[in-house]
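Colleague: Shown below is the structure under consideration.
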Amino acid sequence: MKCYVDASGSGDDRVFVMAGYVATDDAWRHFCIDWQELLDESPALKAFKMNKLRRRPTRCERFYRVIEKHVALAVSCYIPVDELAAAVDETPWPHYISGTAALKDPYYFAFKAIIDLLAQHQSRLRIDESVDFVFDTETQGDRCLSQWNRMLISSDPSIRVRIGGVPEYQDDKSCLPLQAADMYAYWVRKWWLDGQADGIENLTFPWQADLSLPRMSFEFCKADFLQEFQRFSDPAVLARARLNDDEVDTRL
């Protein structure tokens with residue numbers, strides 16, 4: 001199975017969201033056929049971008065029906081940016097870890113959290129295999145991948161065994177499932193900014209959802225960030241993530 005994920009927001013915003021959809025490889029292949037047919041109806045529409053099409057709900061609804069037809073699960077992760085920054089400042093970082101200011105960028109926390117938490121909960125969703133992740137190309141991608149080993153090691157062992165391979169980064173202009181993730185990330189963030197706390201539960205799009213897709217939403221607060229940073233900087237975790245030259249990479 002694969003989970004395609006897109007981000008909405010930045011470190012300068014109040015709310016940062018990562019969200020996307022999970023389906024089997026075969027389901028994604030059929031999804032791409034139907035999605036591309038809709039794109040082909042409008043030659044000027046090279047790729048779906050929810051922000052550009054937000055004033056065309058009827059058009060967007062047709063794309064959403066393709067999502068309903070093929071995907072198995074929706075997943076999202078919500079980060080309050082100010083609380084994350086406060087947790088970074090309040091964490092008593094050990095002397096051997098530097099560059100912690102980079103962790104105020106919500107992308108890094110969300111990247112690890114959405115992978116970890118889907119693995120943690122997938123058994124009750126009857127997902128018996130590991131899930132591979134594909135993210136939209138971002139400037140933070142290289143840094144995330146360079147620290148993948150430490151991120152993996154810092155995960156609970158019972159969760160780690162269900163995490164798939166090294167995540168991929170692809171361009172949403174050519175990767176159609178990422179365009180679906182763009183739609184969902186846009187709406188999850190909008191619901192939170194508009195104070196619609198039940199937006200995910202009720203799928204309050206401008207159109208009526210025909211199916212109640214299974215969905216998981218993960219929300220965090222400062223206490224969650226503090227707990228994760230404590231685990232991240234644990235000497236035992238760092239020892240397990242040693243490099244080939246037997247030195248711990250403490251660059252963030």
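Chain labels follow the order of the structure tokens: the first chain is A, the next B, and so on; residue numbering restarts at 1 in every chain, and ligands are counted from 1 in their shown order.
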What's around Pro80 in chain A at 7 Å? Count only C-alpha atoms, leave out sequence neighbours fewer than 2 positions away in its own chain, and write the answer as a list in words.
Modeller: Arg14, Val15, Phe16, Tyr78, Asp82, Glu83, Leu84 and Cys221 of chain A
Colleague: Could you find all residues in range 27-240 of chain A that DSSP calls strand (DSSP E) from the backbone, and write them as number ranges by chain?
Modeller: A: 73-80, 132-136, 168-170, 215-219
Colleague: Quick one: write out the picked residues with C-alpha atoms as a tab-separated table (two decimals), in the first residue's frame?
Modeller:
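Listed below is the output, result_24.tsv:
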```
chain	number	residue	atom	x	y	z
A	73	LEU	CA	-8.22	5.71	3.88
A	74	ALA	CA	-7.72	9.43	4.52
A	75	VAL	CA	-5.05	10.54	6.98
A	76	SER	CA	-4.13	13.97	8.31
A	77	CYS	CA	-1.81	15.60	10.81
A	78	TYR	CA	-2.43	19.01	12.42
A	79	ILE	CA	0.39	21.12	13.91
A	80	PRO	CA	-0.19	24.37	15.89
A	132	ASP	CA	5.16	3.23	1.84
A	133	PHE	CA	4.96	7.03	1.77
A	134	VAL	CA	5.28	9.43	-1.14
A	135	PHE	CA	5.53	13.15	-0.39
A	136	ASP	CA	5.25	16.16	-2.64
A	168	GLU	CA	9.94	9.06	-1.80
A	169	TYR	CA	9.54	12.59	-3.07
A	170	GLN	CA	7.75	13.24	-6.34
A	215	ARG	CA	-10.10	8.63	8.13
A	216	MET	CA	-7.54	9.21	10.82
A	217	SER	CA	-6.67	12.65	12.15
A	218	PHE	CA	-3.77	13.35	14.47
A	219	GLU	CA	-3.68	16.58	16.48
```
Colleague: Quick one: which range 26-143 of chain A residues come within 10 Å of range 150-167 of chain A, and what is the nearest atom pair for each with the distance in Å to one decimal, counting only C-alpha atoms, rows ordered by chain and ascending number, as a Markdown table?
Modeller:
```
| residue | atom | partner | partner_atom | distance |
| --- | --- | --- | --- | --- |
| A:Phe111 | CA | A:Met151 | CA | 9.7 |
| A:Lys112 | CA | A:Met151 | CA | 6.9 |
| A:Ala113 | CA | A:Ser155 | CA | 9.7 |
| A:Ile115 | CA | A:Ile163 | CA | 7.2 |
| A:Asp116 | CA | A:Ile159 | CA | 6.8 |
| A:Leu117 | CA | A:Ile159 | CA | 8.3 |
| A:Leu118 | CA | A:Ile163 | CA | 8.6 |
| A:Ala119 | CA | A:Arg162 | CA | 5.5 |
| A:Gln120 | CA | A:Ile159 | CA | 5.5 |
| A:His121 | CA | A:Ile159 | CA | 9.1 |
| A:Gln122 | CA | A:Arg162 | CA | 8.6 |
| A:Ser123 | CA | A:Arg162 | CA | 9.4 |
| A:Ile127 | CA | A:Arg162 | CA | 9.8 |
| A:Asp128 | CA | A:Arg162 | CA | 8.6 |
| A:Glu129 | CA | A:Arg162 | CA | 7.0 |
| A:Ser130 | CA | A:Arg162 | CA | 4.8 |
| A:Val131 | CA | A:Gly164 | CA | 5.0 |
| A:Asp132 | CA | A:Gly164 | CA | 4.6 |
| A:Phe133 | CA | A:Pro167 | CA | 5.0 |
| A:Val134 | CA | A:Pro167 | CA | 5.7 |
| A:Phe135 | CA | A:Pro167 | CA | 7.3 |
| A:Gly141 | CA | A:Pro167 | CA | 9.5 |
```
Colleague: Could you pull out all residues of range 22-244 of chain A with a DSSP call of helix (DSSP H, G or I) and give them as an MDAnalysis selection string?
Modeller: chainID A and resid 25:40 50:53 57:70 81:90 100:104 106:125 141:146 148:153 157:160 176:193 199:202 222:232 235:240
Colleague: Save out the residues we just selected, C-alpha atoms, as a short mmCIF file (atom, residue, chain, number, x, y, z; two decimals), in the first residue's frame.
Modeller:
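Saved to part-v5.cif:
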```cif
data_model
loop_
_atom_site.label_atom_id
_atom_site.label_comp_id
_atom_site.auth_asym_id
_atom_site.auth_seq_id
_atom_site.Cartn_x
_atom_site.Cartn_y
_atom_site.Cartn_z
CA ASP A 25 -0.87 0.13 -5.91
CA ASP A 26 -3.58 -1.37 -8.10
CA ALA A 27 -6.19 1.08 -6.80
CA TRP A 28 -3.82 3.99 -7.45
CA ARG A 29 -3.30 2.82 -11.04
CA HIS A 30 -7.05 2.91 -11.69
CA PHE A 31 -7.30 6.21 -9.84
CA CYS A 32 -4.73 7.75 -12.20
CA ILE A 33 -6.71 6.69 -15.26
CA ASP A 34 -9.91 8.33 -14.01
CA TRP A 35 -8.14 11.44 -12.69
CA GLN A 36 -6.28 11.97 -15.95
CA GLU A 37 -9.54 11.73 -17.91
CA LEU A 38 -10.89 14.66 -15.90
CA LEU A 39 -7.73 16.66 -16.47
CA ASP A 40 -7.94 15.97 -20.21
CA MET A 50 -7.21 23.04 -4.94
CA ASN A 51 -6.13 26.61 -4.24
CA LYS A 52 -6.64 27.54 -7.88
CA LEU A 53 -9.94 25.69 -8.23
CA PRO A 57 -16.79 23.47 -6.40
CA THR A 58 -18.74 21.60 -9.09
CA ARG A 59 -15.51 20.88 -10.92
CA CYS A 60 -13.75 19.90 -7.72
CA GLU A 61 -16.56 17.56 -6.77
CA ARG A 62 -15.98 15.47 -9.89
CA PHE A 63 -12.36 14.99 -8.88
CA TYR A 64 -13.44 14.08 -5.37
CA ARG A 65 -15.69 11.33 -6.71
CA VAL A 66 -12.57 9.72 -8.19
CA ILE A 67 -11.01 9.79 -4.73
CA GLU A 68 -14.09 8.20 -3.18
CA LYS A 69 -14.08 5.50 -5.84
CA HIS A 70 -10.51 4.34 -5.36
CA VAL A 81 2.94 26.26 14.84
CA ASP A 82 3.31 28.50 17.91
CA GLU A 83 3.12 25.57 20.33
CA LEU A 84 5.76 23.69 18.37
CA ALA A 85 8.14 26.67 18.50
CA ALA A 86 7.56 27.04 22.25
CA ALA A 87 8.37 23.36 22.80
CA VAL A 88 11.64 23.67 20.88
CA ASP A 89 12.64 26.64 23.05
CA GLU A 90 11.68 24.92 26.31
CA THR A 100 17.52 22.72 17.05
CA ALA A 101 15.96 25.94 15.72
CA ALA A 102 15.32 24.02 12.50
CA LEU A 103 12.78 21.92 14.38
CA LYS A 104 10.50 24.94 14.60
CA PRO A 106 6.48 22.15 11.40
CA TYR A 107 7.28 20.12 8.32
CA TYR A 108 9.85 17.98 10.13
CA PHE A 109 7.60 17.02 13.02
CA ALA A 110 4.65 16.34 10.73
CA PHE A 111 6.77 14.21 8.41
CA LYS A 112 7.71 11.81 11.20
CA ALA A 113 4.38 11.97 13.00
CA ILE A 114 2.17 11.01 10.07
CA ILE A 115 4.38 8.00 9.28
CA ASP A 116 4.64 6.87 12.90
CA LEU A 117 1.00 7.25 13.77
CA LEU A 118 -0.38 5.51 10.72
CA ALA A 119 1.89 2.55 11.54
CA GLN A 120 0.70 2.68 15.15
CA HIS A 121 -3.00 2.52 14.26
CA GLN A 122 -3.07 0.51 11.07
CA SER A 123 -3.82 -2.80 12.79
CA ARG A 124 -7.27 -1.62 13.85
CA LEU A 125 -7.79 -0.49 10.26
CA GLY A 141 12.84 16.72 1.70
CA ASP A 142 16.59 16.20 1.48
CA ARG A 143 17.06 16.96 5.15
CA CYS A 144 14.27 14.56 6.14
CA LEU A 145 15.78 11.77 4.08
CA SER A 146 19.28 12.45 5.42
CA TRP A 148 15.63 9.06 8.10
CA ASN A 149 17.75 6.54 10.00
CA ARG A 150 17.55 8.52 13.23
CA MET A 151 13.84 9.15 12.77
CA LEU A 152 13.28 5.44 12.28
CA ILE A 153 15.39 4.40 15.25
CA PRO A 157 10.16 -0.80 18.11
CA SER A 158 6.59 -2.12 17.96
CA ILE A 159 5.77 0.63 15.46
CA ARG A 160 9.02 0.50 13.53
CA LEU A 176 -1.57 12.38 -9.82
CA PRO A 177 -2.20 10.87 -6.35
CA LEU A 178 -0.35 13.85 -4.87
CA GLN A 179 -2.95 16.11 -6.48
CA ALA A 180 -5.63 14.29 -4.51
CA ALA A 181 -3.55 14.80 -1.35
CA ASP A 182 -3.37 18.50 -2.20
CA MET A 183 -7.17 18.66 -2.20
CA TYR A 184 -7.51 17.00 1.20
CA ALA A 185 -4.67 18.98 2.84
CA TYR A 186 -6.26 22.22 1.65
CA TRP A 187 -9.63 21.37 3.21
CA VAL A 188 -8.26 20.00 6.49
CA ARG A 189 -6.33 23.23 7.04
CA LYS A 190 -9.27 25.39 5.98
CA TRP A 191 -11.60 23.61 8.42
CA TRP A 192 -9.22 24.33 11.29
CA LEU A 193 -8.68 27.96 10.31
CA GLY A 199 -14.83 19.27 9.45
CA ILE A 200 -12.92 16.00 9.22
CA GLU A 201 -15.61 14.05 11.05
CA ASN A 202 -18.39 15.33 8.79
CA LYS A 222 3.02 21.43 23.19
CA ALA A 223 3.10 18.47 25.59
CA ASP A 224 3.26 16.07 22.65
CA PHE A 225 6.14 17.99 21.10
CA LEU A 226 8.08 18.03 24.38
CA GLN A 227 7.67 14.28 24.80
CA GLU A 228 8.85 13.55 21.29
CA PHE A 229 11.87 15.84 21.57
CA GLN A 230 12.88 14.09 24.79
CA ARG A 231 12.81 10.75 23.01
CA PHE A 232 14.59 12.17 19.98
CA PRO A 235 21.47 9.06 24.26
CA ALA A 236 20.31 5.45 23.84
CA VAL A 237 18.42 6.40 20.68
CA LEU A 238 21.42 8.25 19.32
CA ALA A 239 23.67 5.30 20.09
CA ARG A 240 21.48 3.05 17.95
#
```
Colleague: What gap, in Å, lies between CA of Glu138 in chain A and CA of Ala19 in chain A?
Modeller: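 Interatomic distance here is 14.5 Å.
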Colleague: Rank nothing, just name the residue among A:Arg54, A:Thr24, A:Pro94, A:Cys3 nearest to Phe205 in chain A, using only C-alpha atoms.
Modeller: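 Answer, going by the shortest atom-to-atom distance: A:Arg54.
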Colleague: Work out how far apart CA of Ala209 in chain A and CA of Asp194 in chain A are and give it in Å to one decimal.
Modeller: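 If I compute the distance from CA of Ala209 in chain A to CA of Asp194 in chain A, I get 19.3 Å.
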Colleague: Give the answer as one residue: which of A:Pro214, A:Pro206, A:Ala197, A:Thr137 has the shortest atom-to-atom distance to Ser174 in chain A, using only C-alpha atoms?
Modeller: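 Checking each of A:Pro214, A:Pro206, A:Ala197, A:Thr137 against Ser174 in chain A, counting only C-alpha atoms, the winner is A:Thr137.
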Colleague: For CA of Val17 in chain A and CA of Asp171 in chain A, quote the distance in Å rounded to one decimal.
Modeller: 18.4 Å
Colleague: Select, from A:Gly99, A:Gly9, A:Val22, A:Glu41, the residue with the minimum atom-to-atom distance to Leu213 in chain A, counting only C-alpha atoms.
Modeller: A:Val22
